[in-house]
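J.: My structure is in final_7.csv, and what it holds is CSV, C-alpha atoms:
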chain,number,residue,atom,x,y,z
A,1,MET,CA,14.4,-57.1,24.6
A,2,SER,CA,17.2,-56.7,22.1
A,3,LEU,CA,16.9,-53.6,20.0
A,4,SER,CA,19.3,-55.1,17.4
A,5,LYS,CA,16.5,-57.4,16.2
A,6,LYS,CA,13.7,-54.8,16.0
A,7,ASN,CA,14.4,-53.2,12.6
A,8,ILE,CA,14.7,-49.8,14.1
A,9,LYS,CA,15.3,-47.2,11.4
A,10,SER,CA,14.1,-44.0,13.2
A,11,TYR,CA,14.9,-42.8,16.7
A,12,ALA,CA,13.8,-39.7,18.7
A,13,GLU,CA,15.1,-38.7,22.2
A,14,ILE,CA,13.5,-36.1,24.4
A,15,GLY,CA,16.0,-34.8,26.8
A,16,CYS,CA,19.4,-35.5,25.3
A,17,ARG,CA,21.5,-33.0,27.4
A,18,HIS,CA,25.1,-33.4,26.2
A,19,GLY,CA,24.2,-36.2,23.9
A,20,GLY,CA,25.8,-39.3,25.5
A,21,THR,CA,22.8,-41.5,25.4
A,22,PHE,CA,21.6,-40.2,22.0
A,23,ILE,CA,24.9,-40.7,20.3
A,24,ILE,CA,25.6,-44.1,21.8
A,25,THR,CA,22.1,-45.3,21.0
A,26,LEU,CA,22.2,-44.0,17.4
A,27,GLU,CA,25.6,-45.5,16.7
A,28,TYR,CA,24.4,-48.8,18.2
A,29,LEU,CA,21.3,-48.8,16.0
A,30,LYS,CA,23.2,-48.0,12.9
A,31,ARG,CA,25.1,-51.2,13.2
A,32,PHE,CA,22.0,-53.1,12.4
A,33,ASN,CA,19.9,-50.9,10.1
A,34,PRO,CA,20.3,-47.7,8.2
A,35,ILE,CA,18.8,-44.8,10.1
A,36,GLU,CA,16.3,-42.9,8.1
A,37,SER,CA,15.6,-40.2,10.7
A,38,ALA,CA,16.8,-39.2,14.1
A,39,LEU,CA,15.7,-36.4,16.3
A,40,ALA,CA,17.2,-35.0,19.6
A,41,ILE,CA,15.4,-32.5,21.7
A,42,ASP,CA,16.7,-30.6,24.7
A,43,ILE,CA,16.1,-27.2,26.3
A,44,ALA,CA,19.9,-26.5,26.6
A,45,ARG,CA,22.3,-26.2,23.7
A,46,SER,CA,25.2,-28.6,23.6
A,47,ASP,CA,28.2,-28.1,21.3
A,48,ILE,CA,28.7,-31.9,21.2
A,49,MET,CA,25.2,-32.4,20.0
A,50,GLN,CA,25.3,-29.5,17.6
A,51,ASN,CA,28.5,-30.9,15.9
A,52,TYR,CA,27.3,-34.5,15.9
A,53,CYS,CA,23.9,-33.8,14.3
A,54,HIS,CA,25.5,-31.4,11.8
A,55,SER,CA,27.8,-34.1,10.6
A,56,HIS,CA,25.3,-36.9,10.5
A,57,GLU,CA,22.8,-37.2,7.7
A,58,ASN,CA,19.1,-37.4,8.6
A,59,THR,CA,19.7,-36.2,12.2
A,60,LYS,CA,18.0,-33.2,13.6
A,61,TYR,CA,18.7,-31.4,16.9
A,62,LEU,CA,16.1,-29.1,18.4
A,63,ILE,CA,17.1,-26.7,21.2
A,64,SER,CA,13.6,-26.4,22.5
A,65,SER,CA,11.1,-27.6,25.1
A,66,SER,CA,9.3,-30.8,24.2
A,67,ARG,CA,6.1,-28.8,24.8
A,68,SER,CA,6.9,-26.3,22.0
A,69,GLU,CA,4.9,-26.4,18.8
A,70,GLU,CA,8.0,-27.1,16.8
A,71,SER,CA,9.0,-30.1,19.0
A,72,ILE,CA,5.5,-31.6,19.0
A,73,SER,CA,5.2,-31.1,15.3
A,74,GLU,CA,8.5,-33.0,14.7
A,75,LEU,CA,7.6,-35.7,17.2
A,76,GLN,CA,4.2,-36.3,15.5
A,77,SER,CA,5.5,-35.9,12.0
A,78,ARG,CA,6.1,-39.6,11.6
A,79,GLN,CA,5.9,-43.0,13.2
A,80,TRP,CA,9.1,-43.4,15.1
A,81,ASP,CA,10.5,-46.9,15.6
A,82,LEU,CA,12.0,-45.9,19.0
A,83,VAL,CA,11.4,-42.9,21.3
A,84,LEU,CA,13.3,-42.3,24.5
A,85,ILE,CA,11.7,-40.0,27.1
A,86,ASP,CA,14.3,-38.5,29.4
A,87,GLY,CA,13.4,-34.9,29.6
A,88,ASP,CA,11.2,-33.2,32.2
A,89,HIS,CA,11.0,-35.7,35.1
A,90,SER,CA,7.9,-34.3,36.8
A,91,THR,CA,4.7,-36.2,36.5
A,92,GLU,CA,3.1,-33.5,34.3
A,93,GLY,CA,6.2,-33.2,32.1
A,94,CYS,CA,6.6,-36.9,31.6
A,95,LEU,CA,2.9,-37.3,31.0
A,96,HIS,CA,3.0,-34.6,28.3
A,97,ASP,CA,5.9,-36.3,26.5
A,98,TYR,CA,4.1,-39.7,26.8
A,99,ILE,CA,0.9,-38.3,25.3
A,100,ALA,CA,2.8,-36.5,22.5
A,101,THR,CA,4.6,-39.7,21.4
A,102,LYS,CA,2.4,-42.6,22.3
A,103,ASN,CA,0.6,-42.7,19.0
A,104,HIS,CA,3.8,-42.0,17.1
A,105,ALA,CA,6.2,-44.7,18.4
A,106,LYS,CA,6.5,-48.5,18.0
A,107,TYR,CA,8.7,-48.7,21.0
A,108,LEU,CA,8.8,-46.2,23.8
A,109,ALA,CA,11.5,-46.1,26.5
A,110,LEU,CA,11.5,-44.1,29.7
A,111,HIS,CA,14.6,-43.5,31.7
A,112,ASP,CA,14.5,-43.4,35.6
A,113,VAL,CA,11.5,-45.6,36.0
A,114,ILE,CA,12.4,-46.8,39.5
A,115,SER,CA,14.4,-43.8,40.6
A,116,ASP,CA,13.4,-42.5,44.0
A,117,ALA,CA,14.7,-39.1,42.9
A,118,CYS,CA,12.3,-39.1,39.9
A,119,VAL,CA,8.8,-39.8,41.3
A,120,GLY,CA,7.1,-38.3,38.2
A,121,VAL,CA,8.7,-40.8,35.9
A,122,LYS,CA,7.8,-43.6,38.2
A,123,ASN,CA,4.2,-42.4,38.2
A,124,ILE,CA,4.0,-42.4,34.4
A,125,TRP,CA,5.8,-45.7,34.1
A,126,ASN,CA,3.2,-47.2,36.6
A,127,LEU,CA,0.4,-45.7,34.5
A,128,ILE,CA,1.8,-47.2,31.3
A,129,THR,CA,2.3,-50.6,32.8
A,130,SER,CA,-1.3,-50.5,34.2
A,131,ILE,CA,-2.6,-49.8,30.7
A,132,LEU,CA,-0.6,-52.3,28.6
A,133,PRO,CA,-0.5,-56.0,29.1
A,134,ASP,CA,2.6,-57.4,30.8
A,135,ARG,CA,3.9,-58.9,27.6
A,136,LYS,CA,4.1,-55.4,26.1
A,137,THR,CA,6.4,-53.9,28.8
A,138,GLY,CA,9.7,-54.6,30.4
A,139,ALA,CA,12.1,-52.9,32.6
A,140,PHE,CA,15.9,-53.1,33.3
A,141,THR,CA,16.2,-52.1,37.0
A,142,GLU,CA,19.2,-54.0,38.4
A,143,GLN,CA,20.9,-51.9,41.1
A,144,TYR,CA,24.4,-52.2,42.7
A,145,ASP,CA,23.8,-53.5,46.2
A,146,GLU,CA,26.2,-51.0,47.6
A,147,VAL,CA,24.2,-48.1,46.2
A,148,ILE,CA,21.0,-49.2,47.9
A,149,THR,CA,22.9,-50.1,51.1
A,150,ARG,CA,24.7,-46.8,51.2
A,151,THR,CA,21.8,-44.5,50.1
A,152,GLY,CA,18.7,-46.5,50.9
A,153,LYS,CA,17.3,-45.4,47.5
A,154,LYS,CA,16.9,-46.8,44.0
A,155,PHE,CA,18.2,-45.0,41.0
A,156,LEU,CA,17.8,-45.1,37.2
A,157,GLY,CA,15.9,-47.9,35.6
A,158,LEU,CA,14.9,-48.2,31.9
A,159,GLY,CA,11.4,-49.1,31.0
A,160,ILE,CA,10.4,-50.2,27.4
A,161,ALA,CA,6.9,-50.4,26.1
A,162,ILE,CA,5.8,-52.0,22.9
A,163,LEU,CA,3.1,-49.7,21.4
A,164,GLU,CA,2.5,-51.2,17.9
As C-alpha cells, please, write out the structure in this file.

T.:
Amino acid sequence: MSLSKKNIKSYAEIGCRHGGTFIITLEYLKRFNPIESALAIDIARSDIMQNYCHSHENTKYLISSSRSEESISELQSRQWDLVLIDGDHSTEGCLHDYIATKNHAKYLALHDVISDACVGVKNIWNLITSILPDRKTGAFTEQYDEVITRTGKKFLGLGIAILE
C-alpha cells in the first residue's frame, strides 16, 4: 500500500517519543498533499518534537497519555486520514488506543505487529485482522535472517488497516 496515492492530509501518531517516525512520516506525506492537521502524542517531552511542531503550521504536540481526556478529545475531534499507534504496547493500552481511534481514522497503522517483545500489539493486530476482511489489512513484516537466527525472535512489523 503506497501512502503517496491515498490523499492523506491529516496524520496523528500515538507514541512519538523523540519524533523520528512522526517527522519522517509527516515530511513524506507533505510531498504529495498539503497537511491540514497533524497531531503527535507522547508521555515524555522531547525538545526535538517541541521545536518541530512549534515551527510547523497545523501541527500539535501533546505531552500526555493517550488515555487523558485531552488526548482522546484531540484524537476524536476529526476524521484522521492516517493514525499510527506506537504508544503503550500492552494489550490493554493498545486496545484503548485502537478503540479511541477506530471510528476516527481512514487508515490505521500499528507498529510492532509481529514483535515477540510486544505481545500486546500482536494481540490487538490479530484482533483487527480477525474483524476486517483480508483485503482491508496488510503487514510489512520482513526480517533480516541474521536477526532471527541470532535471537530466535521476530521484531517490529508494521500493520495497516483500511477503516473507511

J.: Determine the nearest neighbour of A:Asn126 from the options A:Ala100, A:Leu75, A:Ala44, A:Leu95, counting all atoms listed in the file.

T.: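 Among the listed residues, the smallest separation from A:Asn126 belongs to A:Leu95.
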
J.: Can you tell me how far atom CA of A:Asp47 sits from atom CA of A:His111, in Å to one decimal?

T.: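 One can read the atom CA of A:Asp47 to atom CA of A:His111 distance as 23.0 Å.
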
J.: With only C-alpha atoms counted and 9 Å as the cut-off, give the residues of stretch 63-105 of chain A in contact with stretch 1-16 of chain A, each with its shortest interatomic distance in Å and the pair that gives it, as a Markdown table.

T.:
| residue | atom | partner | partner_atom | distance |
| --- | --- | --- | --- | --- |
| A:Ser65 | CA | A:Ile14 | CA | 8.9 |
| A:Ser66 | CA | A:Ile14 | CA | 6.8 |
| A:Leu75 | CA | A:Ala12 | CA | 7.5 |
| A:Gln79 | CA | A:Ser10 | CA | 8.3 |
| A:Trp80 | CA | A:Ser10 | CA | 5.4 |
| A:Asp81 | CA | A:Ser10 | CA | 5.2 |
| A:Leu82 | CA | A:Tyr11 | CA | 4.8 |
| A:Val83 | CA | A:Ala12 | CA | 4.8 |
| A:Leu84 | CA | A:Glu13 | CA | 4.6 |
| A:Ile85 | CA | A:Ile14 | CA | 5.1 |
| A:Asp86 | CA | A:Gly15 | CA | 4.8 |
| A:Gly87 | CA | A:Gly15 | CA | 3.8 |
| A:Asp88 | CA | A:Gly15 | CA | 7.4 |
| A:Asp97 | CA | A:Ile14 | CA | 7.9 |

J.: So how many Å separate atom CA of A:Leu62 and atom CA of A:Asp42, to one decimal?

T.: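 We find that atom CA of A:Leu62 and atom CA of A:Asp42 lie 6.5 Å from each other.
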
J.: Select, from A:Met49, A:Ala105, A:Leu110, A:Ile24, the residue with the minimum atom-to-atom distance to A:Asn123, counting all atoms listed in the file.

T.: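 Residue with the minimum atom-to-atom distance to A:Asn123: A:Leu110.
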
J.: Tell me which protein, DNA and RNA residues are within 10 Å of A:Ile124, counting only C-alpha atoms, leaving out same-chain ones fewer than 5 positions away, and put them as a list in words.

T.: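 These residues fall inside the cut-off: His89, Ser90, Thr91, Glu92, Gly93, Cys94, Leu95, His96, Tyr98, Leu110, Val113, Val119, Thr129 and Ser130 of chain A.
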
J.: Of the residues A:Ile72, A:Ile128, A:Val147, A:Ala38, which is the one nearest to A:Lys60, using only C-alpha atoms?

T.: A:Ala38

J.: May I ask for the distance between atom CA of A:Ile41 and atom CA of A:Thr101, given in Å to one decimal place?

T.: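 Answer for the atom CA of A:Ile41 to atom CA of A:Thr101 separation: 13.0 Å.
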
J.: Looking at all atoms listed in the file, which of A:Leu156, A:Ala139, A:Leu26, A:Leu132 is the one that sits closest to A:Ala117?

T.: A:Leu156

J.: Nearest to A:Val121: which of A:Phe155, A:Tyr28, A:Tyr61, A:Tyr144 is it, counting all atoms listed in the file?

T.: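 So, comparing all the options, the nearest one is A:Phe155.
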
J.: Could you check which of A:Cys118, A:Pro133, A:His18, A:Ile35 is closest to A:Asn58, using all atoms listed in the file?

T.: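 Result for the nearest residue to A:Asn58: A:Ile35.
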
J.: Enumerate, as a list in words, the protein, DNA and RNA residues whose atoms approach (2.6, -60.3, 23.2) to within 12 Å, taking into account only C-alpha atoms and the coordinate frame of the file.

T.: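 The answer, in the requested form, is Leu132, Pro133, Asp134, Arg135, Lys136, Thr137, Gly138, Ala161, Ile162, Leu163 and Glu164 of chain A.
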
J.: Given the selection you just returned, output its residues as a file containing C-alpha atoms, formatted as a CSV table (one decimal), in the coordinates of the input.

T.:
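Here's the written file selection_7.csv:
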chain,number,residue,atom,x,y,z
A,132,LEU,CA,-0.6,-52.3,28.6
A,133,PRO,CA,-0.5,-56.0,29.1
A,134,ASP,CA,2.6,-57.4,30.8
A,135,ARG,CA,3.9,-58.9,27.6
A,136,LYS,CA,4.1,-55.4,26.1
A,137,THR,CA,6.4,-53.9,28.8
A,138,GLY,CA,9.7,-54.6,30.4
A,161,ALA,CA,6.9,-50.4,26.1
A,162,ILE,CA,5.8,-52.0,22.9
A,163,LEU,CA,3.1,-49.7,21.4
A,164,GLU,CA,2.5,-51.2,17.9
